[in-house]
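So this block is final_36.json, JSON, C-alpha atoms:
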```
[["chain", "number", "residue", "atom", "x", "y", "z"],
["A", 1, "MET", "CA", 39.89, -5.62, -63.29],
["A", 2, "SER", "CA", 37.18, -3.92, -65.27],
["A", 3, "ILE", "CA", 33.56, -4.14, -64.24],
["A", 4, "VAL", "CA", 32.71, -5.11, -67.83],
["A", 5, "ALA", "CA", 33.48, -8.55, -69.16],
["A", 6, "GLU", "CA", 36.08, -9.15, -71.82],
["A", 7, "GLU", "CA", 33.94, -11.51, -73.84],
["A", 8, "LYS", "CA", 32.22, -9.86, -76.77],
["A", 9, "ARG", "CA", 28.46, -9.87, -76.83],
["A", 10, "VAL", "CA", 25.77, -8.27, -78.97],
["A", 11, "LEU", "CA", 22.38, -6.94, -78.03],
["A", 12, "LEU", "CA", 19.76, -8.27, -80.44],
["A", 13, "THR", "CA", 16.48, -6.33, -80.49],
["A", 14, "ILE", "CA", 13.43, -7.78, -82.24],
["A", 15, "VAL", "CA", 10.22, -5.77, -82.67],
["A", 16, "THR", "CA", 7.26, -7.83, -83.77],
["A", 17, "GLU", "CA", 3.56, -8.48, -83.20],
["A", 18, "ARG", "CA", 2.44, -9.42, -79.70],
["A", 19, "VAL", "CA", 0.32, -12.22, -81.10],
["A", 20, "ILE", "CA", 3.43, -14.30, -81.72],
["A", 21, "GLU", "CA", 5.17, -13.57, -78.39],
["A", 22, "ASN", "CA", 4.70, -17.06, -76.99],
["A", 23, "ALA", "CA", 5.81, -18.73, -80.18],
["A", 24, "VAL", "CA", 8.93, -16.60, -80.52],
["A", 25, "ILE", "CA", 9.87, -17.05, -76.86],
["A", 26, "ALA", "CA", 9.47, -20.81, -77.20],
["A", 27, "ASP", "CA", 11.78, -20.68, -80.19],
["A", 28, "LEU", "CA", 14.37, -18.69, -78.26],
["A", 29, "ASP", "CA", 14.26, -21.27, -75.48],
["A", 30, "ARG", "CA", 14.67, -24.09, -77.93],
["A", 31, "LEU", "CA", 17.56, -22.31, -79.65],
["A", 32, "GLY", "CA", 19.44, -22.03, -76.37],
["A", 33, "VAL", "CA", 18.78, -18.47, -75.24],
["A", 34, "SER", "CA", 19.15, -18.32, -71.46],
["A", 35, "GLY", "CA", 17.70, -14.87, -70.88],
["A", 36, "TYR", "CA", 15.58, -12.27, -72.61],
["A", 37, "THR", "CA", 13.65, -9.11, -71.84],
["A", 38, "VAL", "CA", 10.25, -8.27, -73.31],
["A", 39, "THR", "CA", 8.57, -4.87, -73.27],
["A", 40, "ASP", "CA", 5.20, -3.93, -74.69],
["A", 41, "ALA", "CA", 5.31, -1.42, -77.52],
["A", 42, "ARG", "CA", 3.27, 0.16, -80.21],
["A", 43, "GLY", "CA", 4.39, 1.39, -83.57],
["A", 44, "ARG", "CA", 4.15, 1.35, -87.25],
["A", 45, "GLY", "CA", 6.10, -0.19, -90.08],
["A", 46, "HIS", "CA", 5.76, -2.17, -93.22],
["A", 47, "ARG", "CA", 5.18, -5.86, -93.46],
["A", 48, "GLY", "CA", 7.99, -7.15, -95.51],
["A", 49, "VAL", "CA", 6.74, -9.36, -98.24],
["A", 50, "ARG", "CA", 3.26, -7.96, -98.26],
["A", 51, "ASP", "CA", 4.26, -4.36, -98.04],
["A", 52, "ALA", "CA", 0.95, -3.60, -96.40],
["A", 53, "ASN", "CA", 0.82, -1.13, -93.57],
["A", 54, "TRP", "CA", 1.56, -2.32, -90.04],
["A", 55, "ASP", "CA", -0.64, 0.20, -88.36],
["A", 56, "GLU", "CA", -0.46, 0.76, -84.63],
["A", 57, "ALA", "CA", -0.44, -2.93, -83.88],
["A", 58, "ALA", "CA", 0.13, -4.27, -80.41],
["A", 59, "ASN", "CA", 3.81, -4.98, -80.58],
["A", 60, "ILE", "CA", 6.54, -6.34, -78.40],
["A", 61, "ARG", "CA", 10.20, -5.53, -78.19],
["A", 62, "ILE", "CA", 12.41, -8.51, -77.32],
["A", 63, "GLU", "CA", 16.01, -8.04, -76.23],
["A", 64, "VAL", "CA", 18.59, -10.78, -76.08],
["A", 65, "VAL", "CA", 22.24, -10.38, -75.07],
["A", 66, "CYS", "CA", 24.27, -13.18, -76.61],
["A", 67, "ARG", "CA", 27.20, -14.03, -78.83],
["A", 68, "ARG", "CA", 27.09, -12.70, -82.37],
["A", 69, "GLU", "CA", 26.88, -16.17, -83.93],
["A", 70, "ARG", "CA", 23.83, -17.01, -81.85],
["A", 71, "ALA", "CA", 22.19, -13.67, -82.67],
["A", 72, "GLU", "CA", 22.67, -14.33, -86.36],
["A", 73, "ALA", "CA", 21.24, -17.84, -86.02],
["A", 74, "LEU", "CA", 18.21, -16.44, -84.15],
["A", 75, "LEU", "CA", 17.68, -13.81, -86.82],
["A", 76, "ALA", "CA", 17.83, -16.38, -89.58],
["A", 77, "HIS", "CA", 15.32, -18.58, -87.78],
["A", 78, "LEU", "CA", 12.93, -15.73, -87.06],
["A", 79, "ARG", "CA", 13.12, -14.42, -90.57],
["A", 80, "ASP", "CA", 12.47, -17.84, -92.08],
["A", 81, "HIS", "CA", 9.55, -18.64, -89.80],
["A", 82, "TYR", "CA", 7.73, -15.36, -89.19],
["A", 83, "TYR", "CA", 8.76, -12.62, -91.50],
["A", 84, "ALA", "CA", 6.48, -13.59, -94.38],
["A", 85, "SER", "CA", 3.39, -13.51, -92.16],
["A", 86, "TYR", "CA", 4.08, -11.07, -89.36],
["A", 87, "ALA", "CA", 5.50, -7.62, -89.01],
["A", 88, "MET", "CA", 9.07, -7.88, -87.78],
["A", 89, "VAL", "CA", 12.13, -5.64, -87.64],
["A", 90, "ALA", "CA", 15.37, -6.52, -85.88],
["A", 91, "TRP", "CA", 18.77, -5.04, -85.31],
["A", 92, "LEU", "CA", 21.90, -5.80, -83.34],
["A", 93, "HIS", "CA", 25.00, -4.06, -82.10],
["A", 94, "ASP", "CA", 27.98, -4.76, -79.86],
["A", 95, "VAL", "CA", 27.61, -4.24, -76.12],
["A", 96, "GLU", "CA", 29.83, -4.65, -73.07],
["A", 97, "VAL", "CA", 28.18, -6.70, -70.36],
["A", 98, "MET", "CA", 28.56, -6.46, -66.59],
["A", 99, "ARG", "CA", 31.18, -8.88, -65.38],
["A", 100, "LEU", "CA", 29.64, -11.38, -62.99],
["A", 101, "ASP", "CA", 32.44, -13.73, -62.06],
["A", 102, "LYS", "CA", 34.97, -13.26, -59.31],
["A", 103, "PHE", "CA", 33.45, -10.61, -57.15],
["B", 1, "MET", "CA", 28.12, 22.17, -86.34],
["B", 2, "SER", "CA", 26.77, 18.68, -85.86],
["B", 3, "ILE", "CA", 23.50, 18.02, -84.11],
["B", 4, "VAL", "CA", 25.25, 15.43, -81.97],
["B", 5, "ALA", "CA", 27.56, 16.46, -79.17],
["B", 6, "GLU", "CA", 31.29, 15.83, -79.30],
["B", 7, "GLU", "CA", 31.50, 14.56, -75.75],
["B", 8, "LYS", "CA", 31.52, 10.80, -75.49],
["B", 9, "ARG", "CA", 28.73, 9.15, -73.57],
["B", 10, "VAL", "CA", 27.56, 5.61, -72.98],
["B", 11, "LEU", "CA", 24.08, 4.19, -72.60],
["B", 12, "LEU", "CA", 23.90, 1.93, -69.57],
["B", 13, "THR", "CA", 20.94, -0.46, -69.51],
["B", 14, "ILE", "CA", 20.08, -2.37, -66.35],
["B", 15, "VAL", "CA", 17.39, -5.06, -66.27],
["B", 16, "THR", "CA", 16.38, -6.12, -62.81],
["B", 17, "GLU", "CA", 13.41, -6.94, -60.56],
["B", 18, "ARG", "CA", 10.74, -4.30, -60.13],
["B", 19, "VAL", "CA", 10.72, -4.86, -56.37],
["B", 20, "ILE", "CA", 14.01, -2.98, -56.07],
["B", 21, "GLU", "CA", 13.12, -0.08, -58.41],
["B", 22, "ASN", "CA", 12.88, 2.51, -55.65],
["B", 23, "ALA", "CA", 16.08, 1.40, -54.00],
["B", 24, "VAL", "CA", 18.05, 1.40, -57.25],
["B", 25, "ILE", "CA", 16.69, 4.80, -58.29],
["B", 26, "ALA", "CA", 17.61, 6.23, -54.89],
["B", 27, "ASP", "CA", 21.12, 4.89, -55.40],
["B", 28, "LEU", "CA", 21.36, 6.45, -58.85],
["B", 29, "ASP", "CA", 20.32, 9.80, -57.38],
["B", 30, "ARG", "CA", 22.86, 9.52, -54.62],
["B", 31, "LEU", "CA", 25.58, 8.56, -57.09],
["B", 32, "GLY", "CA", 24.96, 11.71, -59.11],
["B", 33, "VAL", "CA", 22.83, 10.51, -62.02],
["B", 34, "SER", "CA", 20.78, 13.44, -63.31],
["B", 35, "GLY", "CA", 18.42, 11.56, -65.58],
["B", 36, "TYR", "CA", 17.16, 8.07, -66.21],
["B", 37, "THR", "CA", 14.37, 6.26, -68.04],
["B", 38, "VAL", "CA", 12.45, 3.29, -66.65],
["B", 39, "THR", "CA", 10.25, 0.93, -68.63],
["B", 40, "ASP", "CA", 8.32, -2.06, -67.34],
["B", 41, "ALA", "CA", 9.42, -5.38, -68.71],
["B", 42, "ARG", "CA", 9.07, -9.09, -68.32],
["B", 43, "GLY", "CA", 11.59, -11.75, -69.02],
["B", 44, "ARG", "CA", 13.64, -14.63, -67.93],
["B", 45, "GLY", "CA", 17.22, -15.16, -66.93],
["B", 46, "HIS", "CA", 19.42, -16.70, -64.34],
["B", 47, "ARG", "CA", 20.13, -15.32, -60.92],
["B", 48, "GLY", "CA", 23.84, -14.97, -60.79],
["B", 49, "VAL", "CA", 25.22, -16.52, -57.66],
["B", 50, "ARG", "CA", 22.25, -18.75, -57.06],
["B", 51, "ASP", "CA", 21.84, -19.91, -60.62],
["B", 52, "ALA", "CA", 18.16, -20.45, -59.95],
["B", 53, "ASN", "CA", 15.67, -19.60, -62.62],
["B", 54, "TRP", "CA", 14.40, -16.06, -62.87],
["B", 55, "ASP", "CA", 11.05, -16.93, -64.29],
["B", 56, "GLU", "CA", 8.80, -14.33, -65.79],
["B", 57, "ALA", "CA", 9.34, -11.91, -62.95],
["B", 58, "ALA", "CA", 8.02, -8.38, -63.02],
["B", 59, "ASN", "CA", 11.10, -6.60, -64.24],
["B", 60, "ILE", "CA", 12.21, -3.10, -65.06],
["B", 61, "ARG", "CA", 14.62, -1.78, -67.61],
["B", 62, "ILE", "CA", 16.56, 1.29, -66.49],
["B", 63, "GLU", "CA", 18.50, 3.40, -68.97],
["B", 64, "VAL", "CA", 21.09, 5.99, -68.04],
["B", 65, "VAL", "CA", 23.12, 8.10, -70.47],
["B", 66, "CYS", "CA", 26.33, 9.19, -68.78],
["B", 67, "ARG", "CA", 30.11, 9.18, -68.98],
["B", 68, "ARG", "CA", 31.79, 5.78, -69.10],
["B", 69, "GLU", "CA", 33.49, 6.22, -65.74],
["B", 70, "ARG", "CA", 30.19, 6.93, -64.05],
["B", 71, "ALA", "CA", 28.54, 3.96, -65.76],
["B", 72, "GLU", "CA", 31.28, 1.69, -64.50],
["B", 73, "ALA", "CA", 30.96, 3.09, -60.98],
["B", 74, "LEU", "CA", 27.19, 2.53, -61.11],
["B", 75, "LEU", "CA", 27.67, -1.04, -62.32],
["B", 76, "ALA", "CA", 30.14, -1.80, -59.55],
["B", 77, "HIS", "CA", 27.76, -0.38, -56.95],
["B", 78, "LEU", "CA", 24.76, -2.28, -58.27],
["B", 79, "ARG", "CA", 26.65, -5.52, -58.54],
["B", 80, "ASP", "CA", 27.99, -5.23, -55.02],
["B", 81, "HIS", "CA", 24.63, -4.32, -53.47],
["B", 82, "TYR", "CA", 22.02, -6.27, -55.41],
["B", 83, "TYR", "CA", 23.44, -8.95, -57.61],
["B", 84, "ALA", "CA", 23.71, -11.63, -54.94],
["B", 85, "SER", "CA", 20.05, -11.30, -54.00],
["B", 86, "TYR", "CA", 18.20, -10.10, -57.09],
["B", 87, "ALA", "CA", 18.14, -10.96, -60.73],
["B", 88, "MET", "CA", 20.16, -8.38, -62.63],
["B", 89, "VAL", "CA", 21.76, -8.08, -66.04],
["B", 90, "ALA", "CA", 23.39, -4.95, -67.40],
["B", 91, "TRP", "CA", 25.22, -3.79, -70.48],
["B", 92, "LEU", "CA", 26.58, -0.58, -71.94],
["B", 93, "HIS", "CA", 27.71, 0.81, -75.26],
["B", 94, "ASP", "CA", 28.79, 4.12, -76.74],
["B", 95, "VAL", "CA", 26.14, 6.54, -77.96],
["B", 96, "GLU", "CA", 26.10, 9.99, -79.52],
["B", 97, "VAL", "CA", 23.78, 12.38, -77.72],
["B", 98, "MET", "CA", 21.76, 15.28, -79.08],
["B", 99, "ARG", "CA", 23.66, 18.50, -78.71],
["B", 100, "LEU", "CA", 21.76, 20.90, -76.51],
["B", 101, "ASP", "CA", 23.94, 23.95, -76.23],
["B", 102, "LYS", "CA", 24.02, 26.90, -78.57],
["B", 103, "PHE", "CA", 20.84, 26.58, -80.52],
["C", 1, "MET", "CA", 25.46, -14.01, -97.38],
["C", 2, "SER", "CA", 25.13, -12.52, -93.95],
["C", 3, "ILE", "CA", 21.79, -12.26, -92.20],
["C", 4, "VAL", "CA", 22.53, -8.61, -91.51],
["C", 5, "ALA", "CA", 22.30, -6.02, -94.23],
["C", 6, "GLU", "CA", 25.34, -4.23, -95.57],
["C", 7, "GLU", "CA", 23.74, -0.81, -95.54],
["C", 8, "LYS", "CA", 24.63, 1.26, -92.51],
["C", 9, "ARG", "CA", 21.82, 2.34, -90.23],
["C", 10, "VAL", "CA", 21.55, 4.03, -86.88],
["C", 11, "LEU", "CA", 19.09, 3.53, -84.07],
["C", 12, "LEU", "CA", 17.75, 6.88, -82.89],
["C", 13, "THR", "CA", 16.14, 6.85, -79.45],
["C", 14, "ILE", "CA", 14.10, 9.83, -78.27],
["C", 15, "VAL", "CA", 12.76, 10.06, -74.71],
["C", 16, "THR", "CA", 10.20, 12.80, -74.22],
["C", 17, "GLU", "CA", 6.86, 13.66, -72.62],
["C", 18, "ARG", "CA", 3.86, 11.55, -73.55],
["C", 19, "VAL", "CA", 1.76, 14.65, -74.06],
["C", 20, "ILE", "CA", 3.54, 15.34, -77.36],
["C", 21, "GLU", "CA", 3.50, 11.77, -78.70],
["C", 22, "ASN", "CA", 0.96, 12.46, -81.42],
["C", 23, "ALA", "CA", 2.68, 15.63, -82.52],
["C", 24, "VAL", "CA", 6.10, 14.00, -82.70],
["C", 25, "ILE", "CA", 4.79, 10.94, -84.54],
["C", 26, "ALA", "CA", 3.05, 13.19, -87.06],
["C", 27, "ASP", "CA", 6.36, 14.98, -87.59],
["C", 28, "LEU", "CA", 8.19, 11.69, -88.12],
["C", 29, "ASP", "CA", 5.62, 10.69, -90.73],
["C", 30, "ARG", "CA", 5.96, 14.00, -92.49],
["C", 31, "LEU", "CA", 9.74, 13.77, -92.44],
["C", 32, "GLY", "CA", 9.66, 10.40, -94.20],
["C", 33, "VAL", "CA", 10.08, 7.89, -91.39],
["C", 34, "SER", "CA", 8.52, 4.60, -92.44],
["C", 35, "GLY", "CA", 8.59, 2.81, -89.10],
["C", 36, "TYR", "CA", 8.99, 3.52, -85.44],
["C", 37, "THR", "CA", 8.48, 1.84, -82.07],
["C", 38, "VAL", "CA", 7.00, 3.56, -79.02],
["C", 39, "THR", "CA", 7.16, 2.29, -75.44],
["C", 40, "ASP", "CA", 5.75, 3.92, -72.34],
["C", 41, "ALA", "CA", 8.30, 4.99, -69.79],
["C", 42, "ARG", "CA", 8.81, 6.96, -66.66],
["C", 43, "GLY", "CA", 11.85, 8.85, -65.55],
["C", 44, "ARG", "CA", 13.52, 11.96, -64.49],
["C", 45, "GLY", "CA", 15.75, 14.52, -66.10],
["C", 46, "HIS", "CA", 16.24, 18.19, -66.63],
["C", 47, "ARG", "CA", 14.35, 20.37, -69.02],
["C", 48, "GLY", "CA", 17.01, 21.91, -71.13],
["C", 49, "VAL", "CA", 16.53, 25.60, -71.37],
["C", 50, "ARG", "CA", 14.53, 25.87, -68.21],
["C", 51, "ASP", "CA", 16.68, 23.60, -66.12],
["C", 52, "ALA", "CA", 13.67, 22.81, -63.99],
["C", 53, "ASN", "CA", 13.15, 19.29, -62.81],
["C", 54, "TRP", "CA", 11.41, 16.80, -65.05],
["C", 55, "ASP", "CA", 10.00, 14.76, -62.27],
["C", 56, "GLU", "CA", 8.50, 11.37, -62.86],
["C", 57, "ALA", "CA", 6.55, 12.56, -65.87],
["C", 58, "ALA", "CA", 4.65, 10.18, -68.10],
["C", 59, "ASN", "CA", 7.21, 9.69, -70.81],
["C", 60, "ILE", "CA", 7.60, 7.82, -74.04],
["C", 61, "ARG", "CA", 10.59, 6.24, -75.67],
["C", 62, "ILE", "CA", 10.54, 6.40, -79.46],
["C", 63, "GLU", "CA", 12.92, 4.30, -81.55],
["C", 64, "VAL", "CA", 13.61, 4.82, -85.23],
["C", 65, "VAL", "CA", 16.02, 2.81, -87.36],
["C", 66, "CYS", "CA", 17.14, 4.92, -90.29],
["C", 67, "ARG", "CA", 20.10, 6.37, -92.13],
["C", 68, "ARG", "CA", 22.37, 8.66, -90.15],
["C", 69, "GLU", "CA", 21.52, 11.73, -92.22],
["C", 70, "ARG", "CA", 17.81, 11.26, -91.59],
["C", 71, "ALA", "CA", 18.41, 10.73, -87.86],
["C", 72, "GLU", "CA", 20.35, 13.97, -87.70],
["C", 73, "ALA", "CA", 17.60, 15.80, -89.59],
["C", 74, "LEU", "CA", 15.00, 14.39, -87.20],
["C", 75, "LEU", "CA", 17.05, 15.45, -84.19],
["C", 76, "ALA", "CA", 17.44, 18.97, -85.52],
["C", 77, "HIS", "CA", 13.73, 19.23, -86.16],
["C", 78, "LEU", "CA", 12.77, 17.88, -82.75],
["C", 79, "ARG", "CA", 15.24, 20.10, -80.96],
["C", 80, "ASP", "CA", 14.05, 23.19, -82.78],
["C", 81, "HIS", "CA", 10.36, 22.48, -82.23],
["C", 82, "TYR", "CA", 10.09, 20.85, -78.82],
["C", 83, "TYR", "CA", 13.19, 21.13, -76.76],
["C", 84, "ALA", "CA", 12.51, 24.60, -75.37],
["C", 85, "SER", "CA", 9.10, 23.58, -74.04],
["C", 86, "TYR", "CA", 9.25, 19.86, -73.31],
["C", 87, "ALA", "CA", 11.62, 17.49, -71.63],
["C", 88, "MET", "CA", 13.58, 15.63, -74.29],
["C", 89, "VAL", "CA", 16.75, 13.58, -74.47],
["C", 90, "ALA", "CA", 17.94, 11.71, -77.53],
["C", 91, "TRP", "CA", 20.84, 9.57, -78.59],
["C", 92, "LEU", "CA", 21.88, 7.47, -81.57],
["C", 93, "HIS", "CA", 24.34, 4.74, -82.42],
["C", 94, "ASP", "CA", 25.15, 2.43, -85.31],
["C", 95, "VAL", "CA", 23.22, -0.81, -85.66],
["C", 96, "GLU", "CA", 23.17, -3.73, -88.08],
["C", 97, "VAL", "CA", 19.70, -4.52, -89.35],
["C", 98, "MET", "CA", 18.19, -7.85, -90.36],
["C", 99, "ARG", "CA", 18.51, -8.36, -94.07],
["C", 100, "LEU", "CA", 15.11, -8.70, -95.67],
["C", 101, "ASP", "CA", 15.76, -9.07, -99.38],
["C", 102, "LYS", "CA", 16.46, -12.29, -101.25],
["C", 103, "PHE", "CA", 15.30, -14.98, -98.95]]
```
Can you present the structure in this file as structure tokens?
Amino acid sequence: MSIVAEEKRVLLTIVTERVIENAVIADLDRLGVSGYTVTDARGRGHRGVRDANWDEAANIRIEVVCRRERAEALLAHLRDHYYASYAMVAWLHDVEVMRLDKF
Amino acid sequence: MSIVAEEKRVLLTIVTERVIENAVIADLDRLGVSGYTVTDARGRGHRGVRDANWDEAANIRIEVVCRRERAEALLAHLRDHYYASYAMVAWLHDVEVMRLDKF
Amino acid sequence: MSIVAEEKRVLLTIVTERVIENAVIADLDRLGVSGYTVTDARGRGHRGVRDANWDEAANIRIEVVCRRERAEALLAHLRDHYYASYAMVAWLHDVEVMRLDKF
């Protein structure tokens, strides 16, 4: 039996401003996310609807491993609630997760 | 000739408690891993066999680029030695690495 | 309409020595990168052409989401300008990015 699980999962990575960390984490909790990883980061990008510079802000990088449907629901929520006012970029891709059952 | 190497590699990412960083790194060394990257992180998840909360612990995120077989051997080792006692999640996916030879 | 964009992108991750962060970031700017994320890291690896140890240096992890052709151009530039003198590993893989238009 493989060490990686058969169930498909995606890794969703969200990079945004540290100032909204607590709010975003609370949203993840409320939307049913059981685990996440946050790392501090710095960087640059463009604010979406303002197209102003996002210069060297204090950022965070949030990672969530979950099913694709949940990742897409999280993205839709985050985009609708934060993207107009805060710098945010996000991406996802398929991953194989460590199998935890039956060992 | 492409800038990325033809040989297949995976990126293995392990998120676990910082308290076992030295032990896990020593294991990676012993199991033949030639390079790794560690970043500090925070987060939340469930301890596997205990199913207790893993609340805002001081975590680390370890990344290893290696062959799939080695990644699976590392995962099996880590799961067998740490998963029962420490919070740990891990995932892997294929990556293309920068070609280093012949330039 | 999906929350993820149809356009293909890759995530390019570069791990290198912190001492060249400013130089590398300036190069990314000059080469047309509009956004990047930097996290502090530690780790170990081999310097390529020297094959000396890269022991527990102060490292950075730079992430860029961009088109594949740009990622390959960045990699070629970085390899030509830094790899002989500084520890550097890099990898890329396909990602799906959050759709930002029309919402």
Test item: residues at most 12 Å from Tyr36 of chain A, all atoms listed in the file, excluding those fewer than 6 positions along its chain, as a count of residues only:
34
Just the number, please: distance in Å from atom CA of Leu75 of chain C to atom CA of Gly32 of chain C, one decimal.
13.4 Å
With 8 Å on each side, where is the centre of the axis-aligned box around all listed atoms of segment 12-29 of chain C, and how long are its edges in Å to one decimal, as AutoDock Vina command-line options?
```
--center_x 9.4 --center_y 11.2 --center_z -81.7 --size_x 32.8 --size_y 24.8 --size_z 34.1
```
Just want the 10 Å neighbourhood of Met98 of chain C, counted on all atoms listed in the file, with same-chain residues fewer than 3 positions away dropped. Output as a VMD selection string.
(chain A and resid 14 72 75 to 76 79 88 to 92) or (chain C and resid 2 to 6 95 101)
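Here atom CA of Tyr82 of chain A is placed at a distance of 9.8 Å from atom CA of Ala23 of chain A.
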Output as an NGL selection string the set of chain A residues within 6 Å of chain B, with distances taken over only C-alpha atoms.
:A and (34-39 or 95-98)
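Across the model, the gap from atom CA of Arg18 of chain C to atom CA of Ala58 of chain A is 17.6 Å.
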